[in-house]
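Trainee: Below is the structure I would like to discuss, written out as structure tokens.
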Amino acid sequence: MITRALPATIAASVEHRLVIKKSVFLTNVIPVTSVEAADDVVAAIRKRHWDARHHCTALVVGVEADRQRSSDDGEPAGTAGVPMLGVLRQRHVTDVVAVVSRWFGGVKLGAGGLVRAYGSAVSAALDEAAWVDRVPLTSLSMDVDQADAGRVLSSLHAWCARHDAVLDEPTYGAVVTLGLRVAPDSVEAARAEVAALTAGAVEAHVGDTLIVDRRR
């Protein structure tokens with residue numbers, strides 16, 4: 001069962017331009033679903049901005065951010081990809097690739113300056129992103145007599161609002177099938193609520209737990 005908060009992601013690509021001592025740092029942070037997709041993004045940016053001296057990268061992929069990689073692309077070791085990846089980790093984000101294309105302005109920044117520049121470039125881009133939270137929800141379903149369905153449905157609406165749960169559209173037939181999706185640690189509370197509403201006549205059956213996206 002997933003109980004800890006999962007890394008978030010971003011809803012759409014973000015581009016941000018930063019100029020430091022005449023060097024231009026153009027950051028693209030793009031949502032991806034795999035390392036292979038991230039490689040395609042990097043290749044496309046290299047082609048589009050062919051005249052940039054460096055295309056430094058950092059990526060984090062996976063529901064639990066378990067696949068990570070970075071590249072300094074010719075900058076001194078540890079001065080670009082590592083701080084970029086550090087920002088992604090610190091911001092608790094996944095399924096993204098960050099590419100910072102740099103055009104050298106003629107003034108050397110030094111190792112510390114590069115670390116700050118590349119980290120700041122990614123952080124500034126993420127500040128402009130629309131964020132999407134990844135939330136695990138467990139499905140529950142129950143069959144309710146038509147005579148009781150309206151009352152139970154109304155009460156569950158109120159319960160879901162208090163517990164940040166989702167009530168699905170009911171299915172009408174010989175009985176009314178109700179479905180809701182709740183946080184895994186709220187499953188037993190939801191089942192108890194259903195039992196209380198129906199004086200124990202209806203049991204909520206537990207289904208799968210799936211990860212859903214919720215835009216902030």
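Residue numbering restarts at 1 for every chain of the structure tokens, chains are lettered A, B, ... in their displayed order, and ligands are numbered from 1 as they appear.
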So which residues of chain A fall under alpha helix (DSSP H) by DSSP, listed as number ranges by chain?

Mentor: A: 35-48, 81-90, 110-127, 146-163, 187-197

Trainee: Go through region 110-154 of chain A residue by residue and, counting only C-alpha atoms, keep those with an atom at most 9 Å from region 75-84 of chain A; for each kept residue give the shortest atom pair and its distance in Å to one decimal, ordered by chain and increasing number, as a tab-separated table.

Mentor:
residue	atom	partner	partner_atom	distance
A:Ala111	CA	A:Thr79	CA	6.0
A:Gly112	CA	A:Thr79	CA	7.4
A:Gly113	CA	A:Thr79	CA	8.5
A:Leu114	CA	A:Thr79	CA	5.6
A:Val115	CA	A:Thr79	CA	4.7
A:Arg116	CA	A:Pro83	CA	7.8
A:Ala117	CA	A:Ala80	CA	8.3
A:Tyr118	CA	A:Ala80	CA	5.5
A:Gly119	CA	A:Met84	CA	5.0
A:Ser120	CA	A:Met84	CA	8.3
A:Ala121	CA	A:Met84	CA	8.2
A:Val122	CA	A:Met84	CA	6.2
A:Ser123	CA	A:Met84	CA	8.3

Trainee: Keeping C-alpha atoms, export the residues of the selection given above as a PDB file, in the first residue's frame.

Mentor:
ATOM      1  CA  ALA A 111      32.862  26.289 -10.979  1.00  0.00           C
ATOM      2  CA  GLY A 112      30.743  27.849  -8.229  1.00  0.00           C
ATOM      3  CA  GLY A 113      29.160  30.276 -10.651  1.00  0.00           C
ATOM      4  CA  LEU A 114      28.236  27.490 -13.036  1.00  0.00           C
ATOM      5  CA  VAL A 115      26.681  25.418 -10.254  1.00  0.00           C
ATOM      6  CA  ARG A 116      24.555  28.368  -9.186  1.00  0.00           C
ATOM      7  CA  ALA A 117      23.650  29.270 -12.762  1.00  0.00           C
ATOM      8  CA  TYR A 118      22.507  25.820 -13.842  1.00  0.00           C
ATOM      9  CA  GLY A 119      20.629  25.191 -10.610  1.00  0.00           C
ATOM     10  CA  SER A 120      18.941  28.589 -10.762  1.00  0.00           C
ATOM     11  CA  ALA A 121      17.992  28.086 -14.412  1.00  0.00           C
ATOM     12  CA  VAL A 122      16.074  24.884 -13.665  1.00  0.00           C
ATOM     13  CA  SER A 123      14.535  26.262 -10.476  1.00  0.00           C
TER      14      SER A 123
END

Trainee: Between A:Thr138, A:Val194, A:Ala149, A:Gly110, single out the one closest to Arg181 (chain A), counting only C-alpha atoms.

Mentor: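 Using only C-alpha atoms, the shortest distance to Arg181 (chain A) belongs to A:Thr138.
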
Trainee: Just the residues within 9 Å of Ile20 (chain A), please, counting only C-alpha atoms, with nothing from its chain fewer than 5 positions along; format it as a list in words.

Mentor: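 Once the nearby chain positions are removed, what remains is Phe25, Gly105, Leu109 and Ala117 of chain A.
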
Trainee: Could the residues in this selection be written to a file with all heavy atoms, as a short mmCIF file (atom, residue, chain, number, x, y, z; two decimals), in the first residue's frame?

Mentor:
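New file out.cif:
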data_model
loop_
_atom_site.label_atom_id
_atom_site.label_comp_id
_atom_site.auth_asym_id
_atom_site.auth_seq_id
_atom_site.Cartn_x
_atom_site.Cartn_y
_atom_site.Cartn_z
N PHE A 25 21.42 31.17 -20.71
CA PHE A 25 21.02 29.83 -20.28
C PHE A 25 19.54 29.66 -20.63
O PHE A 25 18.68 30.28 -20.01
CB PHE A 25 21.22 29.65 -18.78
CG PHE A 25 22.66 29.73 -18.34
CD1 PHE A 25 23.26 30.97 -18.12
CD2 PHE A 25 23.40 28.59 -18.14
CE1 PHE A 25 24.58 31.06 -17.71
CE2 PHE A 25 24.74 28.66 -17.73
CZ PHE A 25 25.33 29.90 -17.51
N GLY A 105 29.07 33.70 -23.14
CA GLY A 105 29.11 35.14 -23.37
C GLY A 105 30.49 35.76 -23.29
O GLY A 105 30.63 36.99 -23.38
N LEU A 109 32.52 31.92 -15.58
CA LEU A 109 31.77 32.02 -14.34
C LEU A 109 32.43 31.29 -13.18
O LEU A 109 32.07 31.51 -12.02
CB LEU A 109 30.35 31.46 -14.54
CG LEU A 109 29.51 32.12 -15.63
CD1 LEU A 109 28.13 31.48 -15.68
CD2 LEU A 109 29.40 33.61 -15.41
N ALA A 117 24.37 28.90 -11.55
CA ALA A 117 23.65 29.27 -12.76
C ALA A 117 22.75 28.14 -13.25
O ALA A 117 21.57 28.35 -13.56
CB ALA A 117 24.64 29.67 -13.86
#

Trainee: Using only C-alpha atoms, which of A:Val100, A:Val24, A:Ala8, A:Leu167 sits nearest Ile45 (chain A)?

Mentor: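 The closest residue to Ile45 (chain A) is A:Val100.
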
Trainee: Skip Val41 (chain A) itself and residues of its chain fewer than 5 positions away, then list as a PyMOL selection string all residues within 9 Å of it, counting only C-alpha atoms.

Mentor: chain A and resi 30+32+36+46+97+99

Trainee: Save the residues we just selected, all heavy atoms, as an mmCIF file, in the first residue's frame?

Mentor:
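again26.cif was written with the following content:
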data_model
loop_
_atom_site.group_PDB
_atom_site.id
_atom_site.type_symbol
_atom_site.label_atom_id
_atom_site.label_comp_id
_atom_site.auth_asym_id
_atom_site.auth_seq_id
_atom_site.Cartn_x
_atom_site.Cartn_y
_atom_site.Cartn_z
ATOM 1 N N ILE A 30 10.483 19.568 -19.654
ATOM 2 C CA ILE A 30 9.452 18.929 -20.477
ATOM 3 C C ILE A 30 8.985 17.640 -19.813
ATOM 4 O O ILE A 30 9.823 16.824 -19.385
ATOM 5 C CB ILE A 30 10.004 18.642 -21.883
ATOM 6 C CG1 ILE A 30 10.388 19.968 -22.558
ATOM 7 C CG2 ILE A 30 8.998 17.866 -22.730
ATOM 8 C CD1 ILE A 30 11.123 19.810 -23.860
ATOM 9 N N VAL A 32 7.905 13.878 -19.572
ATOM 10 C CA VAL A 32 8.186 12.666 -20.353
ATOM 11 C C VAL A 32 7.704 11.461 -19.558
ATOM 12 O O VAL A 32 7.509 11.539 -18.339
ATOM 13 C CB VAL A 32 9.685 12.524 -20.680
ATOM 14 C CG1 VAL A 32 10.154 13.624 -21.617
ATOM 15 C CG2 VAL A 32 10.524 12.515 -19.402
ATOM 16 N N GLU A 36 13.685 6.874 -22.716
ATOM 17 C CA GLU A 36 13.788 6.943 -24.173
ATOM 18 C C GLU A 36 13.135 8.218 -24.711
ATOM 19 O O GLU A 36 13.664 8.878 -25.611
ATOM 20 C CB GLU A 36 13.150 5.708 -24.805
ATOM 21 C CG GLU A 36 13.873 4.401 -24.529
ATOM 22 C CD GLU A 36 13.696 3.887 -23.118
ATOM 23 O OE1 GLU A 36 12.715 4.294 -22.442
ATOM 24 O OE2 GLU A 36 14.528 3.068 -22.670
ATOM 25 N N ARG A 46 18.879 19.719 -29.153
ATOM 26 C CA ARG A 46 20.224 19.872 -29.731
ATOM 27 C C ARG A 46 20.132 20.306 -31.198
ATOM 28 O O ARG A 46 20.903 21.161 -31.652
ATOM 29 C CB ARG A 46 20.989 18.556 -29.636
ATOM 30 C CG ARG A 46 21.524 18.218 -28.270
ATOM 31 C CD ARG A 46 22.337 16.923 -28.313
ATOM 32 N NE ARG A 46 22.921 16.597 -27.037
ATOM 33 C CZ ARG A 46 24.052 17.115 -26.564
ATOM 34 N NH1 ARG A 46 24.726 17.997 -27.307
ATOM 35 N NH2 ARG A 46 24.523 16.768 -25.390
ATOM 36 N N VAL A 97 12.253 15.919 -18.006
ATOM 37 C CA VAL A 97 13.646 16.097 -18.405
ATOM 38 C C VAL A 97 13.901 17.601 -18.480
ATOM 39 O O VAL A 97 13.073 18.355 -19.000
ATOM 40 C CB VAL A 97 13.960 15.417 -19.758
ATOM 41 C CG1 VAL A 97 13.080 15.923 -20.877
ATOM 42 C CG2 VAL A 97 15.440 15.587 -20.119
ATOM 43 N N VAL A 99 16.602 20.442 -19.816
ATOM 44 C CA VAL A 99 17.719 20.691 -20.723
ATOM 45 C C VAL A 99 18.066 22.175 -20.641
ATOM 46 O O VAL A 99 17.199 23.027 -20.877
ATOM 47 C CB VAL A 99 17.373 20.323 -22.184
ATOM 48 C CG1 VAL A 99 18.601 20.502 -23.070
ATOM 49 C CG2 VAL A 99 16.835 18.903 -22.282
#

Trainee: Can you measure CA of Val42 (chain A) to CA of Trp131 (chain A) for me? One decimal in Å is fine.

Mentor: 21.7 Å

Trainee: Please list as a list in words every residue within 9 Å of Thr198 (chain A), counting only C-alpha atoms and excluding residues in the same chain fewer than 3 positions away.

Mentor: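 Final neighbour list, sorted by chain and number: Val144, Asp148, Val152, Glu193, Val194, Ala195, Ala201, Val202 and Glu203 of chain A.
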
Trainee: Could you check which of A:Arg134, A:Lys108, A:His163, A:His49 is closest to Gly62 (chain A), using only C-alpha atoms?

Mentor: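 Closest residue, counting only C-alpha atoms: A:Arg134.
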
Trainee: Which of these residues is nearest to Ala165 (chain A), using only C-alpha atoms: A:Thr9, A:Gln146, A:Ser139, A:Thr177?

Mentor: A:Ser139

Trainee: Among the residues of region 115-211 of chain A, find those DSSP assigns to strand (DSSP E or B) from the backbone and print them as a PyMOL selection string.

Mentor: chain A and resi 131-144+166-167+171-172+176-182+205-211

Trainee: With N, CA and C atoms retained, could you export that selection as a compact mmCIF listing (two decimals), in the first residue's frame?

Mentor:
# COMPACT_ATOMS: atom_id res chain seq x y z
N TRP A 131 1.73 22.58 -11.92
CA TRP A 131 2.09 21.34 -11.24
C TRP A 131 0.93 20.36 -11.19
N VAL A 132 1.28 19.07 -11.26
CA VAL A 132 0.29 18.00 -11.19
C VAL A 132 0.73 17.03 -10.09
N ASP A 133 -0.13 16.85 -9.10
CA ASP A 133 0.16 15.91 -8.02
C ASP A 133 -0.22 14.49 -8.44
N ARG A 134 0.57 13.54 -8.03
CA ARG A 134 0.28 12.12 -8.25
C ARG A 134 -0.31 11.55 -6.96
N VAL A 135 -1.54 11.05 -7.06
CA VAL A 135 -2.25 10.63 -5.86
C VAL A 135 -2.73 9.18 -6.01
N PRO A 136 -2.43 8.30 -5.05
CA PRO A 136 -2.98 6.95 -5.10
C PRO A 136 -4.40 6.94 -4.55
N LEU A 137 -5.32 6.35 -5.29
CA LEU A 137 -6.71 6.24 -4.84
C LEU A 137 -7.17 4.79 -4.99
N THR A 138 -7.85 4.30 -3.97
CA THR A 138 -8.38 2.94 -3.97
C THR A 138 -9.87 2.99 -4.28
N SER A 139 -10.30 2.14 -5.19
CA SER A 139 -11.72 2.13 -5.59
C SER A 139 -12.55 1.27 -4.65
N LEU A 140 -13.75 1.73 -4.39
CA LEU A 140 -14.74 0.98 -3.61
C LEU A 140 -16.02 0.94 -4.42
N SER A 141 -16.75 -0.15 -4.35
CA SER A 141 -18.03 -0.23 -5.05
C SER A 141 -19.05 -0.92 -4.15
N MET A 142 -20.33 -0.58 -4.37
CA MET A 142 -21.40 -1.15 -3.56
C MET A 142 -22.71 -1.09 -4.33
N ASP A 143 -23.58 -2.03 -4.05
CA ASP A 143 -24.91 -2.06 -4.64
C ASP A 143 -25.93 -1.65 -3.59
N VAL A 144 -26.76 -0.67 -3.95
CA VAL A 144 -27.74 -0.10 -3.01
C VAL A 144 -29.12 -0.21 -3.62
N VAL A 166 -13.29 10.87 -4.27
CA VAL A 166 -13.99 11.09 -5.53
C VAL A 166 -15.17 10.13 -5.61
N LEU A 167 -16.35 10.67 -5.88
CA LEU A 167 -17.55 9.85 -6.04
C LEU A 167 -17.84 9.71 -7.52
N THR A 171 -24.45 3.88 -11.39
CA THR A 171 -25.00 3.06 -12.47
C THR A 171 -26.34 2.50 -12.02
N TYR A 172 -27.37 2.78 -12.81
CA TYR A 172 -28.73 2.41 -12.41
C TYR A 172 -29.16 1.13 -13.12
N VAL A 176 -28.77 0.12 -7.60
CA VAL A 176 -27.91 1.24 -7.98
C VAL A 176 -26.49 0.92 -7.51
N THR A 177 -25.54 0.89 -8.46
CA THR A 177 -24.14 0.63 -8.12
C THR A 177 -23.43 1.96 -7.92
N LEU A 178 -22.89 2.14 -6.73
CA LEU A 178 -22.16 3.36 -6.40
C LEU A 178 -20.67 3.03 -6.31
N GLY A 179 -19.86 3.97 -6.76
CA GLY A 179 -18.41 3.79 -6.70
C GLY A 179 -17.75 5.04 -6.17
N LEU A 180 -16.74 4.87 -5.36
CA LEU A 180 -15.95 6.00 -4.91
C LEU A 180 -14.49 5.60 -4.85
N ARG A 181 -13.63 6.61 -4.89
CA ARG A 181 -12.19 6.40 -4.84
C ARG A 181 -11.62 7.23 -3.71
N VAL A 182 -10.88 6.55 -2.85
CA VAL A 182 -10.40 7.19 -1.62
C VAL A 182 -8.91 6.93 -1.45
N HIS A 205 -17.11 -2.98 -1.38
CA HIS A 205 -16.07 -3.92 -1.81
C HIS A 205 -14.85 -3.14 -2.31
N VAL A 206 -13.68 -3.57 -1.89
CA VAL A 206 -12.43 -2.87 -2.20
C VAL A 206 -11.89 -3.36 -3.54
N GLY A 207 -11.53 -2.43 -4.41
CA GLY A 207 -10.96 -2.75 -5.71
C GLY A 207 -9.50 -2.39 -5.79
N ASP A 208 -9.06 -1.98 -6.96
CA ASP A 208 -7.65 -1.68 -7.20
C ASP A 208 -7.27 -0.30 -6.69
N THR A 209 -5.98 -0.12 -6.44
CA THR A 209 -5.41 1.19 -6.12
C THR A 209 -4.64 1.67 -7.34
N LEU A 210 -5.02 2.82 -7.87
CA LEU A 210 -4.39 3.37 -9.06
C LEU A 210 -3.85 4.77 -8.76
N ILE A 211 -2.85 5.17 -9.52
CA ILE A 211 -2.28 6.51 -9.39
C ILE A 211 -3.02 7.43 -10.36

Trainee: Using only C-alpha atoms, pick whichever of A:Arg215, A:Asp145, A:Asp168, A:Ser155 has the shortest atom-to-atom distance to Ala196 (chain A).

Mentor: A:Ser155

Trainee: Would you compute the distance between CA of Ala43 (chain A) and CA of Ala98 (chain A)? Give it in Å to one decimal.

Mentor: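 These two atoms are separated by 12.5 Å.
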
Trainee: So how many Å separate CA of Leu88 (chain A) and CA of Val29 (chain A), to one decimal?

Mentor: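 The value is 10.2 Å.
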
Trainee: Taking a cut-off of 9 Å and counting only C-alpha atoms, can you build a table that, for each residue of region 48-145 of chain A near region 10-13 of chain A, reports the nearest atom pair and how far apart they are in Å (one decimal), sorted by chain then residue number, as JSON lines?

Mentor:
{"residue": "A:Val93", "atom": "CA", "partner": "A:Ile10", "partner_atom": "CA", "distance": 7.9}
{"residue": "A:Thr94", "atom": "CA", "partner": "A:Ile10", "partner_atom": "CA", "distance": 8.4}
{"residue": "A:Asp95", "atom": "CA", "partner": "A:Ile10", "partner_atom": "CA", "distance": 8.2}
{"residue": "A:Val96", "atom": "CA", "partner": "A:Ile10", "partner_atom": "CA", "distance": 7.6}
{"residue": "A:Leu126", "atom": "CA", "partner": "A:Ile10", "partner_atom": "CA", "distance": 8.4}
{"residue": "A:Ala129", "atom": "CA", "partner": "A:Ile10", "partner_atom": "CA", "distance": 6.2}
{"residue": "A:Ala130", "atom": "CA", "partner": "A:Ala11", "partner_atom": "CA", "distance": 5.5}
{"residue": "A:Trp131", "atom": "CA", "partner": "A:Ile10", "partner_atom": "CA", "distance": 4.5}
{"residue": "A:Val132", "atom": "CA", "partner": "A:Ile10", "partner_atom": "CA", "distance": 5.3}
{"residue": "A:Asp133", "atom": "CA", "partner": "A:Ile10", "partner_atom": "CA", "distance": 8.4}
